[in-house]
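S.K.: Got a structure here, written out as C-alpha cells. Questions coming.
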Amino acid sequence: MIDLYYAPTPNGHKITLFLEEAQLDYRIVPVDISKGEQFRPEFLAISPNNKIPAVIDHDPEDGGAPLSLFESGEILLYLAEKTGKLLSGELRERHVTLQWLFWQVAGLGPMIGQNYHFNHYAPQPIPYAIERFQVETQRLYNVLNKRLEKSPWLGGDHYSIADIACWPWINTHENHRVDLASWPAVNNWFERIRTRPATERAMQKVQQI
C-alpha cells in the first residue's frame, strides 16, 4: 500500500497518473496547502521541503520499514523501478526518458509555475517578470513540440514517466496563456494522454478531495 500525500496540483497529479496506470493500491492523504498543512511537523517529517507530493511505501522491496519519499521526480522514478512499469529497461530509451523527466522537474515545471504566479498571484503587475516567463514558457513548448514531432512519446516508442511528469503542466496551458493549436505535436500528444482511462481516473481524484 502506498500513502500519497496529495493536493490537486500538477505535481500531485503526476503521482496519481502513475498509480492509476500501474494499478497500485494507494490511499490519498489530502494536504490542504491553502491552509498551510504542508508546514505541519508530521508532514515535514516526510517532506522537509514542505511541498507535495510525498509518499510512504508500506511494502518496500527490501522488506524493511515503511519508506517515505518526497520530490515528484524521485517518486516517479522510485515507483517505476518498484513496479517495472513506465520506464524502459533498454539502455538508450531509459536514459532518453530520464533526460525528459529531469527536463520537466528542472525547467518546464518551475518556469510554468513562475508564469502562473506572475500572471495570477503577484500583488501587483510586474511587466518584466510577466514577459520573461511568458517567453520562456513558449520556448519550452517549442522544445517539447520539436521532440514530439520526431517521437510519439518523450522517451521514444513507449509511454513513460517522462510523459506523466510533463502532461499535468501542459494540462494547465490556459492558465499560462498558451493556445495548444500553436504546437500541433504537443496538442496531439496531450489529447492522447488526456483520453487514457488511467488519466481520466486520476483526474477524477480532484473531485474526491
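Letters A, B, ... mark the chains of the C-alpha cells in the order given; residue numbers begin at 1 per chain; ligand numbers begin at 1, in order shown.
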Using DSSP secondary structure from the backbone, list all helix (DSSP H, G or I) positions within region 43-93 of chain A, as a tab-separated table (two decimals) with C-alpha atoms, in the first residue's frame.
M.R.:
chain	number	residue	atom	x	y	z
A	43	PHE	CA	4.22	16.37	7.12
A	44	LEU	CA	7.69	17.92	7.32
A	72	SER	CA	7.80	14.21	-7.58
A	73	GLY	CA	10.56	13.21	-9.99
A	74	GLU	CA	12.18	10.89	-7.46
A	75	ILE	CA	8.78	9.42	-6.55
A	76	LEU	CA	8.08	8.64	-10.22
A	77	LEU	CA	11.50	7.05	-10.66
A	78	TYR	CA	11.10	5.01	-7.47
A	79	LEU	CA	7.65	3.75	-8.45
A	80	ALA	CA	8.80	2.91	-11.97
A	81	GLU	CA	11.70	0.87	-10.60
A	82	LYS	CA	9.49	-0.76	-7.95
A	83	THR	CA	6.90	-1.91	-10.49
A	91	LEU	CA	19.68	1.44	-22.08
A	92	ARG	CA	19.04	4.16	-24.64
A	93	GLU	CA	15.30	4.60	-24.21
S.K.: If we count only C-alpha atoms and set the cut-off at 12 Å, which residues sit around Trp189 (chain A), ignoring sequence neighbours fewer than 3 positions away in its own chain? Please answer as a ChimeraX atom specification.
M.R.: /A:144-154,159,163-164,166-167,170-171,180-181,183-186,192-196
S.K.: By how many Å are CA of Tyr141 (chain A) and CA of Asn50 (chain A) apart?
M.R.: 28.5 Å
S.K.: With a distance cut-off of 12 Å and only C-alpha atoms, select the neighbouring residues of His117 (chain A), excluding the residue or stretch itself and same-chain residues fewer than 6 positions from it, and output the selection as a PDB file with N, CA, C and O atoms, in the first residue's frame.
M.R.:
ATOM      1  N   PRO A 110       9.100  24.497 -13.101  1.00  0.00           N
ATOM      2  CA  PRO A 110       9.428  25.772 -12.452  1.00  0.00           C
ATOM      3  C   PRO A 110       9.106  27.005 -13.286  1.00  0.00           C
ATOM      4  O   PRO A 110       8.614  28.011 -12.767  1.00  0.00           O
ATOM      5  N   MET A 111       9.353  26.947 -14.596  1.00  0.00           N
ATOM      6  CA  MET A 111       9.105  28.125 -15.425  1.00  0.00           C
ATOM      7  C   MET A 111       7.605  28.378 -15.595  1.00  0.00           C
ATOM      8  O   MET A 111       7.143  29.522 -15.517  1.00  0.00           O
ATOM      9  N   PRO A 123       1.010  40.484  -6.218  1.00  0.00           N
ATOM     10  CA  PRO A 123       0.137  41.546  -5.690  1.00  0.00           C
ATOM     11  C   PRO A 123       0.035  42.753  -6.607  1.00  0.00           C
ATOM     12  O   PRO A 123      -0.920  43.527  -6.504  1.00  0.00           O
ATOM     13  N   GLN A 124       0.999  42.913  -7.497  1.00  0.00           N
ATOM     14  CA  GLN A 124       0.929  43.987  -8.485  1.00  0.00           C
ATOM     15  C   GLN A 124       1.602  43.510  -9.772  1.00  0.00           C
ATOM     16  O   GLN A 124       2.524  42.690  -9.723  1.00  0.00           O
ATOM     17  N   PRO A 125       1.126  43.959 -10.929  1.00  0.00           N
ATOM     18  CA  PRO A 125       1.724  43.501 -12.191  1.00  0.00           C
ATOM     19  C   PRO A 125       3.181  43.931 -12.306  1.00  0.00           C
ATOM     20  O   PRO A 125       3.533  45.069 -11.992  1.00  0.00           O
ATOM     21  N   ILE A 126       4.009  42.999 -12.724  1.00  0.00           N
ATOM     22  CA  ILE A 126       5.422  43.286 -12.976  1.00  0.00           C
ATOM     23  C   ILE A 126       5.683  42.912 -14.437  1.00  0.00           C
ATOM     24  O   ILE A 126       5.931  41.739 -14.753  1.00  0.00           O
ATOM     25  N   ALA A 129       8.660  40.608 -15.410  1.00  0.00           N
ATOM     26  CA  ALA A 129       8.540  39.210 -14.995  1.00  0.00           C
ATOM     27  C   ALA A 129       7.496  38.476 -15.841  1.00  0.00           C
ATOM     28  O   ALA A 129       7.712  37.323 -16.247  1.00  0.00           O
ATOM     29  N   ILE A 130       6.388  39.124 -16.116  1.00  0.00           N
ATOM     30  CA  ILE A 130       5.348  38.502 -16.940  1.00  0.00           C
ATOM     31  C   ILE A 130       5.904  38.160 -18.310  1.00  0.00           C
ATOM     32  O   ILE A 130       5.722  37.042 -18.819  1.00  0.00           O
ATOM     33  N   PHE A 133       8.760  35.238 -18.204  1.00  0.00           N
ATOM     34  CA  PHE A 133       8.313  33.866 -18.025  1.00  0.00           C
ATOM     35  C   PHE A 133       7.348  33.425 -19.126  1.00  0.00           C
ATOM     36  O   PHE A 133       7.251  32.232 -19.419  1.00  0.00           O
ATOM     37  N   GLN A 134       6.685  34.385 -19.771  1.00  0.00           N
ATOM     38  CA  GLN A 134       5.867  34.016 -20.926  1.00  0.00           C
ATOM     39  C   GLN A 134       6.756  33.586 -22.095  1.00  0.00           C
ATOM     40  O   GLN A 134       6.489  32.576 -22.758  1.00  0.00           O
ATOM     41  N   ASN A 175      -4.050  28.593 -18.285  1.00  0.00           N
ATOM     42  CA  ASN A 175      -3.648  29.486 -17.195  1.00  0.00           C
ATOM     43  C   ASN A 175      -2.356  30.228 -17.486  1.00  0.00           C
ATOM     44  O   ASN A 175      -2.087  31.258 -16.866  1.00  0.00           O
ATOM     45  N   HIS A 176      -1.550  29.689 -18.394  1.00  0.00           N
ATOM     46  CA  HIS A 176      -0.330  30.432 -18.741  1.00  0.00           C
ATOM     47  C   HIS A 176      -0.375  30.948 -20.180  1.00  0.00           C
ATOM     48  O   HIS A 176       0.639  31.097 -20.833  1.00  0.00           O
TER      49      HIS A 176
END
S.K.: By how many Å are CA of Ala122 (chain A) and CA of Asn187 (chain A) apart?
M.R.: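 One can read the CA of Ala122 (chain A) to CA of Asn187 (chain A) distance as 29.0 Å.
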S.K.: Which residues, written as a list in words, have at least one atom at most 6 Å from region 27-34 of chain A, with only C-alpha atoms counted and residues fewer than 5 positions away on the same chain left out?
M.R.: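 The contact residues come out as Asp3, Leu4, Tyr5, Tyr6 and Ala7 of chain A.
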S.K.: For the residues selected in the previous step, produce a file with C-alpha atoms as a PDB file, in the first residue's frame.
M.R.:
ATOM      1  CA  ASP A   3       0.115   6.528   1.118  1.00  0.00           C
ATOM      2  CA  LEU A   4       0.082   9.554  -1.181  1.00  0.00           C
ATOM      3  CA  TYR A   5       0.193  12.955   0.463  1.00  0.00           C
ATOM      4  CA  TYR A   6      -1.633  14.912  -2.179  1.00  0.00           C
ATOM      5  CA  ALA A   7      -3.077  18.207  -3.292  1.00  0.00           C
TER       6      ALA A   7
END
S.K.: With a distance cut-off of 10 Å and only C-alpha atoms, select the neighbouring residues of Thr137 (chain A), excluding the residue or stretch itself and same-chain residues fewer than 2 positions from it, and output the selection as JSON, numbers by chain.
M.R.: {"A": [107, 108, 109, 110, 111, 112, 113, 114, 115, 131, 132, 133, 134, 135, 139, 140, 141, 142, 143, 173, 176, 177, 178]}
S.K.: Just asking: which residues within region 7-140 of chain A are strand (DSSP E or B) according to DSSP, as a compact mmCIF listing (two decimals) with all heavy atoms, in the first residue's frame?
M.R.:
# COMPACT_ATOMS: atom_id res chain seq x y z
N TYR A 26 -3.33 2.34 -3.40
CA TYR A 26 -2.86 3.55 -2.73
C TYR A 26 -3.99 4.23 -2.00
O TYR A 26 -5.17 4.02 -2.30
CB TYR A 26 -2.18 4.51 -3.71
CG TYR A 26 -3.07 5.20 -4.73
CD1 TYR A 26 -3.47 6.52 -4.54
CD2 TYR A 26 -3.47 4.55 -5.89
CE1 TYR A 26 -4.26 7.17 -5.48
CE2 TYR A 26 -4.25 5.19 -6.84
CZ TYR A 26 -4.64 6.50 -6.63
OH TYR A 26 -5.43 7.14 -7.57
N ARG A 27 -3.60 5.05 -1.06
CA ARG A 27 -4.55 5.82 -0.26
C ARG A 27 -4.13 7.27 -0.33
O ARG A 27 -2.95 7.60 -0.09
CB ARG A 27 -4.53 5.32 1.18
CG ARG A 27 -5.44 6.08 2.14
CD ARG A 27 -5.41 5.42 3.51
NE ARG A 27 -4.13 5.65 4.19
CZ ARG A 27 -3.95 6.59 5.13
NH1 ARG A 27 -4.94 7.39 5.47
NH2 ARG A 27 -2.78 6.72 5.71
N ILE A 28 -5.06 8.15 -0.66
CA ILE A 28 -4.76 9.58 -0.70
C ILE A 28 -4.91 10.18 0.70
O ILE A 28 -5.92 9.97 1.38
CB ILE A 28 -5.68 10.30 -1.70
CG1 ILE A 28 -5.24 9.99 -3.13
CG2 ILE A 28 -5.67 11.81 -1.46
CD1 ILE A 28 -6.07 10.66 -4.19
N VAL A 29 -3.88 10.89 1.11
CA VAL A 29 -3.91 11.67 2.35
C VAL A 29 -3.92 13.13 1.92
O VAL A 29 -2.88 13.67 1.50
CB VAL A 29 -2.69 11.38 3.24
CG1 VAL A 29 -2.78 12.18 4.53
CG2 VAL A 29 -2.57 9.88 3.52
N PRO A 30 -5.07 13.80 1.97
CA PRO A 30 -5.12 15.19 1.48
C PRO A 30 -4.26 16.13 2.32
O PRO A 30 -4.19 16.00 3.55
CB PRO A 30 -6.61 15.55 1.62
CG PRO A 30 -7.33 14.25 1.73
CD PRO A 30 -6.38 13.32 2.42
N ALA A 54 4.24 13.72 -1.49
CA ALA A 54 5.15 12.83 -0.78
C ALA A 54 4.45 11.49 -0.69
O ALA A 54 3.22 11.42 -0.80
CB ALA A 54 5.48 13.37 0.61
N VAL A 55 5.22 10.43 -0.51
CA VAL A 55 4.62 9.11 -0.39
C VAL A 55 5.27 8.35 0.75
O VAL A 55 6.41 8.61 1.13
CB VAL A 55 4.74 8.26 -1.69
CG1 VAL A 55 4.05 8.95 -2.85
CG2 VAL A 55 6.20 7.94 -2.01
N ILE A 56 4.51 7.40 1.28
CA ILE A 56 5.06 6.38 2.17
C ILE A 56 4.71 5.03 1.55
O ILE A 56 3.53 4.73 1.33
CB ILE A 56 4.51 6.48 3.59
CG1 ILE A 56 4.88 7.82 4.24
CG2 ILE A 56 5.05 5.32 4.44
CD1 ILE A 56 4.31 8.02 5.62
N ASP A 57 5.73 4.26 1.25
CA ASP A 57 5.54 2.91 0.73
C ASP A 57 5.61 1.95 1.91
O ASP A 57 6.67 1.80 2.54
CB ASP A 57 6.62 2.58 -0.30
CG ASP A 57 6.44 1.20 -0.91
OD1 ASP A 57 5.47 0.50 -0.55
OD2 ASP A 57 7.27 0.81 -1.76
N LEU A 67 8.94 3.21 3.77
CA LEU A 67 9.90 4.14 3.17
C LEU A 67 9.17 5.39 2.72
O LEU A 67 8.19 5.30 1.97
CB LEU A 67 10.57 3.47 1.96
CG LEU A 67 11.52 4.33 1.13
CD1 LEU A 67 12.72 4.77 1.96
CD2 LEU A 67 11.99 3.54 -0.10
N SER A 68 9.61 6.54 3.19
CA SER A 68 8.99 7.81 2.78
C SER A 68 9.88 8.52 1.77
O SER A 68 11.11 8.45 1.85
CB SER A 68 8.73 8.71 3.99
OG SER A 68 9.94 9.11 4.59
N LEU A 69 9.23 9.19 0.82
CA LEU A 69 9.93 9.88 -0.25
C LEU A 69 9.24 11.20 -0.54
O LEU A 69 8.00 11.30 -0.49
CB LEU A 69 9.95 9.04 -1.53
CG LEU A 69 10.67 7.69 -1.47
CD1 LEU A 69 10.30 6.86 -2.68
CD2 LEU A 69 12.18 7.90 -1.41
N PHE A 70 10.02 12.21 -0.89
CA PHE A 70 9.47 13.46 -1.39
C PHE A 70 10.16 13.80 -2.71
O PHE A 70 11.10 13.12 -3.12
CB PHE A 70 9.61 14.59 -0.37
CG PHE A 70 11.02 15.07 -0.12
CD1 PHE A 70 11.48 16.25 -0.69
CD2 PHE A 70 11.89 14.36 0.70
CE1 PHE A 70 12.77 16.71 -0.47
CE2 PHE A 70 13.19 14.80 0.94
CZ PHE A 70 13.63 15.98 0.36
S.K.: Identify which of the residues A:Glu174, A:Thr16, A:Gly63, A:Thr9 lies closest to His120 (chain A), counting only C-alpha atoms when measuring atom-to-atom distances.
M.R.: A:Glu174
S.K.: CA of Leu17 (chain A) and CA of Ala198 (chain A) are how many Å apart?
M.R.: 6.5 Å
S.K.: Under the rule that only C-alpha atoms are counted, which of A:Asn11, A:Ala65, A:Pro60, A:Thr97 is the nearest residue to Trp169 (chain A)?
M.R.: A:Asn11
S.K.: Using only C-alpha atoms, pick whichever of A:Thr199, A:Ser88, A:Gln99, A:Asn119 has the shortest atom-to-atom distance to Asp157 (chain A).
M.R.: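 Under the stated criterion, the closest residue is A:Ser88.
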S.K.: For a quick check of understanding, using only C-alpha atoms, which of A:Val96, A:Ser182, A:Lys85, A:Ala45 has the smallest distance to Leu24 (chain A)?
M.R.: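 The shortest atom-to-atom distance to Leu24 (chain A) comes from A:Lys85.
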